[in-house]
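entry36.txt (compact mmCIF, C-alpha atoms and all ligand atoms) appears below.
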# COMPACT_ATOMS: atom_id res chain seq x y z
CA MET R 11 231.05 243.65 47.09
CA LYS R 12 231.80 243.40 50.77
CA TYR R 13 231.24 246.61 52.74
CA ILE R 14 230.00 248.42 49.69
CA ASP R 15 226.57 246.90 49.13
CA GLU R 16 225.68 247.09 52.82
CA TYR R 17 226.38 250.81 52.73
CA ARG R 18 223.88 251.22 49.92
CA SER R 19 221.04 249.52 51.77
CA PRO R 20 217.74 251.21 50.81
CA GLU R 21 216.37 250.50 54.26
CA LEU R 22 219.24 252.28 56.01
CA VAL R 23 219.05 255.15 53.53
CA SER R 24 215.37 255.78 54.14
CA GLY R 25 215.83 255.45 57.91
CA LEU R 26 218.62 258.00 57.84
CA LEU R 27 216.60 260.37 55.68
CA GLN R 28 213.77 260.32 58.18
CA LYS R 29 216.24 260.96 60.96
CA ILE R 30 217.72 263.92 59.05
CA GLU R 31 214.27 265.35 58.37
CA LYS R 32 213.37 265.11 62.04
CA ARG R 33 216.58 266.81 63.10
CA ALA R 34 216.26 269.48 60.40
CA THR R 35 212.92 270.66 61.78
CA GLY R 36 214.78 271.66 64.95
CA LEU R 37 217.20 273.97 63.13
CA VAL R 38 216.73 277.65 63.93
CA LYS R 39 218.20 278.74 60.57
CA PRO R 40 219.14 277.07 57.30
CA ILE R 41 222.59 275.52 57.31
CA THR R 42 225.37 275.09 54.77
CA ILE R 43 227.48 271.95 54.68
CA MET R 44 230.56 271.77 52.47
CA GLU R 45 232.25 268.66 51.10
CA VAL R 46 235.87 269.05 50.07
CA CYS R 47 236.51 265.76 48.36
CA GLY R 48 235.91 265.08 44.70
CA SER R 49 234.69 261.56 45.47
CA HIS R 50 232.05 263.04 47.80
CA THR R 51 230.99 265.48 45.08
CA THR R 52 230.59 262.62 42.62
CA ALA R 53 228.75 260.37 45.09
CA ILE R 54 226.36 263.16 46.13
CA GLY R 55 225.55 263.74 42.45
CA ARG R 56 225.29 260.06 41.54
CA TYR R 57 222.92 259.18 44.37
CA GLY R 58 220.92 262.38 44.08
CA ILE R 59 221.52 263.18 47.73
CA ARG R 60 221.15 266.94 47.30
CA GLN R 61 217.56 266.50 46.08
CA LEU R 62 216.67 264.19 48.97
CA LEU R 63 217.55 266.65 51.72
CA PRO R 64 215.17 269.07 53.42
CA ASP R 65 215.22 272.64 52.04
CA ASN R 66 217.00 274.08 55.04
CA ILE R 67 220.12 271.99 54.43
CA ARG R 68 222.33 273.27 51.63
CA LEU R 69 225.20 271.16 50.33
CA VAL R 70 228.04 272.99 48.60
CA SER R 71 231.12 271.57 46.92
CA GLY R 72 234.58 272.85 47.71
CA PRO R 73 238.03 272.52 46.14
CA GLY R 74 238.32 268.74 46.48
CA CYS R 75 239.42 267.75 43.02
CA PRO R 76 243.22 267.83 42.63
CA VAL R 77 243.04 268.26 38.86
CA CYS R 78 240.69 271.24 39.23
CA VAL R 79 242.78 273.11 41.79
CA THR R 80 246.04 272.75 39.87
CA SER R 81 246.96 276.28 38.80
CA ILE R 82 247.10 277.27 35.15
CA GLU R 83 250.79 278.17 35.69
CA ASP R 84 251.53 274.59 36.74
CA ILE R 85 249.62 273.23 33.74
CA ASP R 86 251.59 275.52 31.40
CA GLN R 87 254.90 274.43 32.94
CA ALA R 88 253.86 270.78 32.67
CA LEU R 89 253.09 271.34 28.99
CA TRP R 90 256.53 272.86 28.46
CA LEU R 91 258.26 269.96 30.23
CA ALA R 92 256.24 267.36 28.36
CA ALA R 93 257.25 268.93 25.04
CA GLN R 94 261.01 268.50 25.67
CA PRO R 95 262.46 265.73 23.49
CA GLU R 96 264.62 264.22 26.24
CA ILE R 97 261.63 263.89 28.60
CA ILE R 98 259.02 261.20 28.96
CA PHE R 99 256.23 262.87 30.89
CA ALA R 100 254.26 260.53 33.15
CA SER R 101 250.86 261.65 34.39
CA TYR R 102 247.61 260.39 35.85
CA GLY R 103 245.10 260.09 33.03
CA ASP R 104 242.68 262.76 34.17
CA LEU R 105 245.25 265.56 33.83
CA LEU R 106 245.65 264.93 30.12
CA ARG R 107 242.73 267.00 28.92
CA VAL R 108 243.15 270.04 31.16
CA PRO R 109 243.54 273.07 28.88
CA GLY R 110 246.57 275.31 29.36
CA SER R 111 246.73 279.03 28.61
CA HIS R 112 246.95 278.70 24.87
CA GLY R 113 244.40 275.99 24.24
CA ASN R 114 246.94 273.18 24.38
CA SER R 115 246.62 270.15 26.60
CA LEU R 116 248.86 267.16 27.32
CA GLU R 117 246.54 265.12 25.14
CA LYS R 118 246.91 267.52 22.22
CA ILE R 119 250.68 267.75 22.39
CA ARG R 120 250.88 263.96 22.72
CA ALA R 121 248.99 263.66 19.46
CA ALA R 122 251.57 266.05 18.00
CA GLY R 123 254.42 263.77 19.08
CA ALA R 124 255.29 264.56 22.72
CA GLN R 125 256.19 261.49 24.80
CA ILE R 126 253.49 261.33 27.44
CA LYS R 127 252.57 258.18 29.32
CA THR R 128 249.51 257.65 31.47
CA VAL R 129 250.28 255.95 34.78
CA HIS R 130 248.19 254.83 37.76
CA SER R 131 250.93 255.13 40.32
CA ALA R 132 254.18 257.01 40.83
CA LEU R 133 255.76 253.55 41.04
CA ASP R 134 254.88 253.02 37.36
CA ALA R 135 256.94 256.13 36.60
CA VAL R 136 259.89 254.71 38.56
CA ALA R 137 259.59 251.53 36.47
CA LEU R 138 259.57 253.67 33.31
CA ALA R 139 262.81 255.32 34.48
CA GLN R 140 264.39 251.90 34.90
CA ALA R 141 263.19 250.78 31.48
CA HIS R 142 264.41 253.94 29.70
CA PRO R 143 267.77 254.88 31.25
CA GLU R 144 268.61 257.11 28.27
CA GLN R 145 265.53 259.30 28.86
CA LYS R 146 264.43 261.56 31.69
CA ILE R 147 261.14 260.63 33.29
CA VAL R 148 259.14 263.49 34.80
CA PHE R 149 256.17 262.45 36.90
CA MET R 150 253.53 265.07 37.62
CA GLY R 151 252.71 264.79 41.31
CA ILE R 152 249.25 266.11 42.08
CA GLY R 153 246.81 265.24 44.81
CA PHE R 154 246.16 265.79 48.49
CA GLU R 155 247.41 263.92 51.56
CA THR R 156 246.05 260.59 50.28
CA THR R 157 248.27 260.72 47.22
CA SER R 158 251.40 262.58 48.33
CA PRO R 159 252.66 259.72 50.60
CA THR R 160 252.52 257.38 47.57
CA VAL R 161 254.69 259.79 45.58
CA ALA R 162 257.04 260.23 48.54
CA ALA R 163 257.40 256.43 48.79
CA ALA R 164 258.20 256.28 45.06
CA VAL R 165 260.94 258.91 45.53
CA LEU R 166 262.42 256.85 48.38
CA GLN R 167 262.28 253.78 46.14
CA ALA R 168 264.07 255.63 43.32
CA LYS R 169 266.72 256.80 45.76
CA LYS R 170 267.22 253.28 47.09
CA LEU R 171 267.59 251.93 43.56
CA GLU R 172 269.99 254.81 42.73
CA ILE R 173 267.86 255.92 39.81
CA THR R 174 269.03 259.27 38.47
CA ASN R 175 266.60 259.85 35.59
CA PHE R 176 263.39 260.12 37.65
CA PHE R 177 261.97 263.54 38.54
CA ILE R 178 258.86 264.88 40.22
CA PHE R 179 257.05 267.96 38.98
CA CYS R 180 255.46 268.68 42.30
CA SER R 181 252.01 270.25 42.52
CA HIS R 182 250.76 268.53 45.68
CA LYS R 183 248.33 270.37 47.94
CA LEU R 184 247.29 270.13 51.58
CA MET R 185 243.69 270.06 52.68
CA PRO R 186 243.53 271.73 56.14
CA PRO R 187 244.97 275.12 55.05
CA VAL R 188 242.35 275.58 52.32
CA MET R 189 239.56 274.47 54.66
CA ARG R 190 240.75 277.07 57.15
CA LEU R 191 240.52 279.72 54.45
CA LEU R 192 237.00 278.68 53.41
CA LEU R 193 235.87 278.54 57.01
CA ALA R 194 236.77 282.20 57.41
CA ASP R 195 234.86 283.19 54.24
CA GLU R 196 232.02 285.51 55.28
CA GLU R 197 230.16 284.97 52.04
CA LEU R 198 230.14 281.19 52.33
CA LYS R 199 229.11 280.82 55.97
CA ILE R 200 229.91 277.13 56.36
CA ASP R 201 228.26 275.45 59.34
CA GLY R 202 229.90 272.09 58.93
CA PHE R 203 232.30 270.06 56.83
CA LEU R 204 231.92 266.55 55.51
CA CYS R 205 235.65 265.93 55.96
CA PRO R 206 237.32 263.89 53.22
CA GLY R 207 237.42 260.17 54.03
CA HIS R 208 240.66 259.10 52.43
CA VAL R 209 242.65 262.26 53.17
CA SER R 210 241.69 261.53 56.78
CA THR R 211 242.92 257.94 56.47
CA ILE R 212 246.34 259.58 56.40
CA ILE R 213 245.99 262.76 58.49
CA GLY R 214 243.58 261.47 61.18
CA ALA R 215 240.88 263.32 63.11
CA GLN R 216 242.93 265.83 65.07
CA ALA R 217 243.97 267.64 61.92
CA TYR R 218 240.46 269.19 61.92
CA ASN R 219 240.47 270.53 65.48
CA PHE R 220 240.63 274.07 64.10
CA ILE R 221 237.11 273.58 62.72
CA ILE R 222 235.46 272.61 65.98
CA LYS R 223 237.27 275.46 67.74
CA THR R 224 235.02 277.78 65.74
CA ASP R 225 231.92 275.79 66.80
CA ARG R 226 231.45 274.45 63.32
CA ALA R 227 230.92 270.73 62.80
CA ALA R 228 233.47 268.35 61.29
CA VAL R 229 232.53 264.78 60.44
CA ILE R 230 234.93 262.47 58.58
CA THR R 231 232.67 260.69 56.14
CA GLY R 232 232.81 257.72 53.78
CA PHE R 233 231.60 257.54 50.19
CA GLU R 234 228.52 255.35 50.04
CA PRO R 235 224.99 256.77 50.35
CA VAL R 236 224.62 255.47 53.91
CA ASP R 237 227.95 257.05 54.85
CA ILE R 238 227.09 260.45 53.42
CA LEU R 239 223.62 260.57 54.96
CA GLU R 240 224.97 259.45 58.31
CA GLY R 241 227.67 262.13 58.01
CA ILE R 242 225.01 264.78 57.41
CA SER R 243 222.93 263.43 60.27
CA LEU R 244 225.93 263.61 62.62
CA ILE R 245 226.61 267.21 61.55
CA LEU R 246 223.00 268.08 62.44
CA GLU R 247 223.40 266.37 65.78
CA GLU R 248 226.59 268.31 66.48
CA LEU R 249 225.04 271.63 65.49
CA THR R 250 221.95 271.02 67.61
CA ASN R 251 223.71 269.68 70.70
CA GLY R 252 226.89 271.75 70.51
CA VAL R 253 230.07 270.83 68.69
CA THR R 254 232.52 269.04 70.94
CA GLU R 255 234.63 266.76 68.78
CA VAL R 256 235.68 265.80 65.28
CA LYS R 257 233.48 262.78 64.60
CA ILE R 258 234.53 259.82 62.47
CA GLN R 259 231.57 258.38 60.62
CA TYR R 260 233.95 256.43 58.34
CA GLN R 261 235.29 254.18 61.09
CA ARG R 262 236.19 251.34 58.74
CA GLY R 263 238.53 253.55 56.75
CA VAL R 264 239.93 256.05 59.25
CA LYS R 265 241.68 255.71 62.57
CA GLU R 266 241.70 258.57 65.07
CA GLU R 267 245.47 258.93 64.62
CA GLY R 268 245.41 258.46 60.83
CA ASN R 269 248.36 256.65 59.29
CA PRO R 270 251.50 257.94 61.07
CA LYS R 271 253.85 255.85 58.92
CA ALA R 272 252.52 257.39 55.70
CA ARG R 273 252.82 260.85 57.26
CA THR R 274 256.42 260.20 58.29
CA ILE R 275 257.32 259.15 54.75
CA MET R 276 255.50 262.17 53.32
CA ASN R 277 257.30 264.52 55.73
CA GLU R 278 260.66 262.93 55.07
CA VAL R 279 260.44 263.74 51.36
CA PHE R 280 258.28 266.87 51.24
CA GLN R 281 257.94 270.11 53.16
CA PRO R 282 255.03 272.56 53.20
CA ALA R 283 255.23 275.65 50.99
CA THR R 284 253.03 278.53 49.91
CA VAL R 285 251.46 277.55 46.62
CA ASN R 286 248.98 278.84 44.11
CA TRP R 287 245.51 277.25 43.80
CA ARG R 288 243.23 277.63 40.83
CA GLY R 289 240.58 280.18 41.70
CA LEU R 290 241.82 280.67 45.24
CA GLY R 291 245.24 282.21 44.68
CA GLU R 292 248.23 281.76 46.96
CA ILE R 293 247.56 280.09 50.27
CA PRO R 294 250.33 279.97 52.90
CA GLU R 295 251.81 276.54 53.62
CA SER R 296 249.12 274.84 51.54
CA GLY R 297 251.28 272.79 49.20
CA LEU R 298 254.29 270.52 49.20
CA VAL R 299 257.75 270.85 47.68
CA LEU R 300 260.65 268.38 47.76
CA ARG R 301 263.06 268.83 50.63
CA GLU R 302 266.66 269.88 49.87
CA LYS R 303 267.82 266.32 50.55
CA PHE R 304 265.77 265.14 47.57
CA ALA R 305 266.65 268.06 45.26
CA ALA R 306 268.07 265.61 42.70
CA PHE R 307 264.51 264.40 42.03
CA ASP R 308 263.02 267.87 41.67
CA ALA R 309 262.00 268.65 38.08
CA GLN R 310 261.62 272.36 38.91
CA ARG R 311 265.29 272.52 39.95
CA HIS R 312 266.69 270.20 37.30
CA PHE R 313 265.08 271.67 34.20
CA SER R 314 265.15 275.38 33.54
CA VAL R 315 261.49 275.92 32.80
CA PRO R 316 261.27 279.37 31.17
CA GLU R 317 258.87 281.97 32.46
CA ILE R 318 255.53 281.42 30.78
CA ARG R 319 252.88 284.12 30.73
CA SER R 320 249.85 282.17 31.82
CA GLN R 321 246.41 283.47 31.02
CA THR R 322 243.33 282.49 32.90
CA ASN R 323 240.24 282.49 30.78
CA HIS R 324 237.79 284.66 32.67
CA ALA R 325 234.73 283.18 31.02
CA CYS R 326 235.38 280.02 33.05
CA ARG R 327 234.04 280.48 36.56
CA CYS R 328 235.88 277.53 38.11
CA GLY R 329 237.29 279.83 40.77
CA GLU R 330 233.85 280.56 42.15
CA VAL R 331 232.75 276.93 41.71
CA LEU R 332 235.78 275.74 43.68
CA ARG R 333 235.02 278.14 46.51
CA GLY R 334 231.42 276.95 46.67
CA LEU R 335 230.12 280.40 45.75
CA ILE R 336 228.21 279.36 42.64
CA GLU R 337 226.84 276.12 41.30
CA PRO R 338 228.26 274.98 37.94
CA SER R 339 224.95 275.66 36.19
CA GLU R 340 225.39 279.36 37.00
CA CYS R 341 228.35 279.47 34.60
CA ASN R 342 227.23 280.62 31.15
CA LEU R 343 229.37 278.02 29.42
CA PHE R 344 228.06 275.05 31.43
CA GLY R 345 226.63 272.32 29.22
CA THR R 346 226.94 274.37 26.03
CA VAL R 347 230.49 275.47 25.28
CA CYS R 348 231.84 273.42 28.17
CA THR R 349 230.99 269.71 28.41
CA PRO R 350 232.97 266.62 29.53
CA ALA R 351 233.50 265.76 25.83
CA SER R 352 234.93 269.21 25.18
CA PRO R 353 235.94 270.77 28.51
CA PHE R 354 236.64 274.49 28.66
CA GLY R 355 237.76 274.59 32.28
CA PRO R 356 239.41 272.08 34.64
CA CYS R 357 236.28 271.45 36.74
CA MET R 358 234.69 269.81 33.70
CA VAL R 359 237.72 267.62 32.89
CA SER R 360 238.16 265.26 35.78
CA ASN R 361 235.48 262.77 36.81
CA GLU R 362 235.90 264.21 40.27
CA GLY R 363 235.32 267.77 39.08
CA CYS R 364 232.26 269.58 40.33
CA CYS R 365 231.11 270.74 36.88
CA ALA R 366 231.53 267.23 35.47
CA ALA R 367 229.52 265.77 38.37
CA PHE R 368 226.71 268.31 37.85
CA PHE R 369 226.72 267.62 34.11
CA ARG R 370 226.55 263.85 34.48
CA TYR R 371 223.96 263.92 37.24
CA PRO R 372 221.60 266.84 36.60
CA GLN R 373 220.38 268.23 39.88
CA ASN R 374 216.76 268.93 39.09
CA MET I 28 243.11 259.39 40.09
CA CYS I 29 241.65 260.12 43.47
CA ILE I 30 239.80 256.87 43.76
CA SER I 31 240.69 254.62 46.64
CA PHE I 32 239.19 251.15 46.59
CA PRO I 33 238.96 248.20 48.94
CA GLY I 34 240.42 244.83 48.00
CA ARG I 35 241.07 241.46 49.65
CA ILE I 36 244.62 240.11 49.94
CA VAL I 37 245.02 236.89 47.97
CA ALA I 38 248.83 236.61 47.87
CA PHE I 39 252.07 238.25 48.90
CA LYS I 40 255.09 238.87 46.69
CA GLU I 41 258.67 240.11 46.86
CA ASP I 42 259.42 239.37 50.50
CA ASN I 43 256.00 240.61 51.53
CA CYS I 44 256.63 244.10 50.11
CA LEU I 45 253.77 243.67 47.65
CA ALA I 46 250.31 242.21 48.04
CA VAL I 47 248.08 240.89 45.29
CA ILE I 48 244.57 242.04 45.98
CA ASP I 49 241.24 241.02 44.57
CA ILE I 50 238.78 243.79 43.81
CA GLY I 51 235.53 242.19 42.81
CA GLY I 52 237.31 239.65 40.60
CA THR I 53 240.10 241.89 39.24
CA LYS I 54 243.61 241.32 40.58
CA ARG I 55 246.02 244.17 41.27
CA GLU I 56 249.40 244.46 42.93
CA VAL I 57 249.89 247.07 45.62
CA SER I 58 252.92 248.13 47.62
CA LEU I 59 252.72 247.67 51.38
CA ASP I 60 255.35 250.35 52.08
CA LEU I 61 252.88 252.85 53.55
CA LEU I 62 250.96 250.41 55.73
CA ASP I 63 251.63 250.70 59.43
CA GLU I 64 250.16 247.43 60.60
CA ALA I 65 250.72 243.76 59.95
CA VAL I 66 248.36 242.11 57.49
CA THR I 67 247.52 238.53 56.57
CA LEU I 68 245.75 236.76 53.72
CA ASP I 69 242.06 237.67 53.39
CA ASP I 70 242.47 241.03 55.11
CA TYR I 71 240.81 243.92 53.31
CA LEU I 72 243.03 246.84 52.30
CA LEU I 73 242.17 250.32 51.16
CA CYS I 74 244.31 250.96 48.09
CA HIS I 75 245.28 254.20 46.40
CA ALA I 76 247.62 254.90 43.46
CA GLY I 77 249.48 251.60 43.70
CA PHE I 78 249.75 251.51 47.49
CA ALA I 79 247.79 250.02 50.35
CA ILE I 80 247.10 252.91 52.71
CA HIS I 81 244.90 251.31 55.36
CA LYS I 82 243.76 247.97 56.69
CA ILE I 83 239.98 248.02 56.70
CA ASP I 84 238.53 247.31 60.06
CA THR I 85 235.90 244.77 58.97
CA GLU I 86 234.74 244.22 62.53
CA GLU I 87 234.18 247.95 62.86
CA ALA I 88 232.35 248.01 59.53
CA GLN I 89 229.97 245.29 60.72
CA LYS I 90 229.53 246.89 64.13
CA SER I 91 228.70 250.30 62.71
CA LEU I 92 226.12 248.82 60.34
CA THR I 93 224.43 246.94 63.18
CA LEU I 94 224.53 250.00 65.40
CA LEU I 95 223.10 252.17 62.68
CA GLN I 96 220.27 249.73 62.14
CA GLU I 97 219.52 249.74 65.87
CA ILE I 98 219.52 253.53 66.08
CA ILE I 99 217.19 253.77 63.13
CA ASP I 100 214.88 251.06 64.50
CA ASN I 101 214.66 252.66 67.93
CA GLU I 102 214.45 256.30 67.00
CA ILE I 103 212.07 256.16 64.13
CA TYR I 104 210.18 252.97 63.77
S1 LIG L 401 231.18 274.87 33.36
FE1 LIG L 401 233.21 274.79 32.38
S2 LIG L 401 233.74 276.92 32.01
FE2 LIG L 401 232.07 276.92 33.49
S3 LIG L 401 233.06 276.94 35.50
FE3 LIG L 401 232.72 274.80 34.98
S4 LIG L 401 234.63 274.17 33.99
FE4 LIG L 401 234.64 276.42 33.99

Have the structure of the file written as structure tokens, please.
Ligand code: SF4
Amino acid sequence: MKYIDEYRSPELVSGLLQKIEKRATGLVKPITIMEVCGSHTTAIGRYGIRQLLPDNIRLVSGPGCPVCVTSIEDIDQALWLAAQPEIIFASYGDLLRVPGSHGNSLEKIRAAGAQIKTVHSALDAVALAQAHPEQKIVFMGIGFETTSPTVAAAVLQAKKLEITNFFIFCSHKLMPPVMRLLLADEELKIDGFLCPGHVSTIIGAQAYNFIIKTDRAAVITGFEPVDILEGISLILEELTNGVTEVKIQYQRGVKEEGNPKARTIMNEVFQPATVNWRGLGEIPESGLVLREKFAAFDAQRHFSVPEIRSQTNHACRCGEVLRGLIEPSECNLFGTVCTPASPFGPCMVSNEGCCAAFFRYPQN
Amino acid sequence: MCISFPGRIVAFKEDNCLAVIDIGGTKREVSLDLLDEAVTLDDYLLCHAGFAIHKIDTEEAQKSLTLLQEIIDNEIY
């Protein structure tokens, strides 16, 4: 397919690998590069990129999978909402198998009779609301800056069409605040970020200026093997020559200024709020909630979700996986109790999850 | 859910609010509400969760591949 195959060219890959090896010999100490996008995690696993790199370059995965970072409290509330008889709960497919506190999942309660529909877009949920005026449609909004503008646009559409039975259960997250937190982590010692390609399509390059201010490298990178290796090579170049700018390796998918129209729509509907991340806790201004003007679409305000005592299962080490502190194989349950067919924790559920990527593409 | 994919515009619908795109033979409809530039037939769009979010700069894609090849040729070979 156009502009996919070319970015898998074996010739370019081997050229880039040689370039990386050459640059890596000039490093004074080993370096750690973090990727914070689930699609990067999957691509790195699929193409075996970790194994191809010199020993002094360590790649770690961060909290880039929206399903994985959704807090157990949000999952429990979603389960409560989805169980209400007047509600049709609309969700992206990969949330369905995430276990809640008491072993339930959307998939399990659907089998027991709850009305849960899988959708690919928030617009599908708006269409459901039109088709079922007698029911209340609750759409679970998760995802980073790539996804939240699409949900915001769906809310505007529902408003325009004067739809009153469409609600958002909002669990959207923002990428820069969590990257800021990880950057400050003394244990992690990140030297550079492979910045997420499609989040950057929306937020643009300047959103990462805080990274280069700390002399760490930031390269916005695409998702094919050539992209990822070029991204790593550019990080090495920055670290060797001095970090001066946020580089865009993924020029075909990201403009310097991002997509201002999508940001305007996102900001019209949502405002930043302090939210809870799985494994990372509360992070100031790191999530989105609906603005007062759109309160009528807010599931949290419309339905009185009772207080649920959520329980994190401490045997699951997703928290440390999401912070890049351990590799999935260091979790005792990895590959035995916890597999993609029978996931114990959220990082094993989604295709984009780090544990799922390590399971599907063994690293050694 | 996080996947964004490129597709080529093969038709427009509903007063140009929607585009039909071809992704390696499969057709999908995407909303153009989030796109901040004008597009025409045969343009490539990056699509995510039912929306086009970016017009792919095909010229840039070609240029960067050529440049990359040159860098590799000159620096290593
Ligand atoms: S392997 Fe399973 S239980 Fe262990 S950290 Fe990953 S998701 Fe959690």

Please return as a CSV table (one decimal) with C-alpha atoms, in the coordinates of the input the residues found within 8 Å of ligand LIG 401 (chain L), counting only C-alpha atoms and all ligand atoms.
chain,number,residue,atom,x,y,z
R,325,ALA,CA,234.7,283.2,31.0
R,326,CYS,CA,235.4,280.0,33.0
R,327,ARG,CA,234.0,280.5,36.6
R,328,CYS,CA,235.9,277.5,38.1
R,329,GLY,CA,237.3,279.8,40.8
R,330,GLU,CA,233.8,280.6,42.2
R,331,VAL,CA,232.8,276.9,41.7
R,338,PRO,CA,228.3,275.0,37.9
R,339,SER,CA,225.0,275.7,36.2
R,340,GLU,CA,225.4,279.4,37.0
R,341,CYS,CA,228.4,279.5,34.6
R,342,ASN,CA,227.2,280.6,31.2
R,343,LEU,CA,229.4,278.0,29.4
R,344,PHE,CA,228.1,275.0,31.4
R,345,GLY,CA,226.6,272.3,29.2
R,347,VAL,CA,230.5,275.5,25.3
R,348,CYS,CA,231.8,273.4,28.2
R,349,THR,CA,231.0,269.7,28.4
R,353,PRO,CA,235.9,270.8,28.5
R,354,PHE,CA,236.6,274.5,28.7
R,355,GLY,CA,237.8,274.6,32.3
R,356,PRO,CA,239.4,272.1,34.6
R,357,CYS,CA,236.3,271.4,36.7
R,358,MET,CA,234.7,269.8,33.7
R,359,VAL,CA,237.7,267.6,32.9
R,364,CYS,CA,232.3,269.6,40.3
R,365,CYS,CA,231.1,270.7,36.9
R,366,ALA,CA,231.5,267.2,35.5

Sorted by chain and rising residue number, which residues of chain I lie within 7 Å of chain R, and what are their closest atom pairs and distances in Å to one decimal, counting only C-alpha atoms, as a Markdown table?
| residue | atom | partner | partner_atom | distance |
| --- | --- | --- | --- | --- |
| I:Met28 | CA | R:Tyr102 | CA | 6.3 |
| I:Gly51 | CA | R:Met11 | CA | 6.4 |
| I:Leu61 | CA | R:Ala272 | CA | 5.0 |
| I:Leu62 | CA | R:Lys271 | CA | 6.9 |
| I:Asp63 | CA | R:Lys271 | CA | 5.6 |
| I:Ala76 | CA | R:Ser131 | CA | 4.6 |
| I:Gly77 | CA | R:Ser131 | CA | 5.1 |
| I:Phe78 | CA | R:Thr160 | CA | 6.5 |
| I:His81 | CA | R:Gly263 | CA | 6.9 |
| I:Ile83 | CA | R:Arg262 | CA | 5.4 |
| I:Asp84 | CA | R:Arg262 | CA | 4.8 |
| I:Thr85 | CA | R:Arg262 | CA | 6.6 |
| I:Glu87 | CA | R:Arg262 | CA | 5.7 |
| I:Ala88 | CA | R:Arg262 | CA | 5.1 |
| I:Gln96 | CA | R:Leu22 | CA | 6.7 |
| I:Ile99 | CA | R:Gly25 | CA | 5.6 |

- Message: So that I can see what lies close to Ala38 (chain I), please list as number ranges by chain the residues with an atom at most 12 Å from it, counting all atoms listed in the file and leaving out residues fewer than 5 positions away in the same chain.
- Response: I: 43-49, 54-57, 66-70

- Message: Report as number ranges by chain all protein, DNA and RNA residues lying within 9 Å of Glu96 (chain R), evaluated on all atoms listed in the file, omitting residues in the same chain fewer than 2 positions from it.
- Response: R: 93-94, 98, 125, 144-147

- Calculate how many Å separate CA of Gly72 (chain R) from CA of Lys183 (chain R), rounding to one decimal. 14.0 Å

- Query: How many Å separate CA of Met185 (chain R) from CA of Leu198 (chain R)?
  - Reply: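 According to the coordinates, CA of Met185 (chain R) and CA of Leu198 (chain R) are separated by 17.5 Å.
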
- Note on the structure: In Å and to one decimal, CA of Ser181 (chain R) is distant from CA of Thr52 (chain R) by 22.7 Å

- Can you pull out every residue within 6 Å of region 40-45 of chain R, counting all atoms listed in the file, but drop anything in the same chain fewer than 4 positions away, and send it as a count of residues only? 12

- Please determine the residues with any atom at most 12 Å from (270.1, 267.3, 44.4) (coordinates as given in the file, with only C-alpha atoms counting) and report them as a list in words.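 Answer for this query, in the requested form: Lys169, Thr174, Phe176, Phe177, Leu300, Arg301, Glu302, Lys303, Phe304, Ala305, Ala306, Phe307, Asp308, Ala309, Gln310, Arg311 and His312 of chain R.
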
Would you give the centre and edge lengths, in Å to one decimal, of a box along x, y and z around the listed atoms of region 64-80 of chain I, with 3 Å added to each side, as lines of an AutoDock Vina configuration file?
center_x = 245.8
center_y = 245.8
center_z = 52.0
size_x = 15.9
size_y = 24.1
size_z = 23.1

- With a distance cut-off of 8 Å and all atoms listed in the file, select the neighbouring residues of Ala79 (chain I), excluding the residue or stretch itself and same-chain residues fewer than 3 positions from it, and output the selection as a PyMOL selection string. chain I and resi 57-62+72-75+82

- Find the residues around Ala217 (chain R) up to 10 Å (all atoms listed in the file counted), leave out those fewer than 3 positions away in its own chain, and share them as a PyMOL selection string. chain R and resi 185-186+210+213-214+220-221+256+266-268
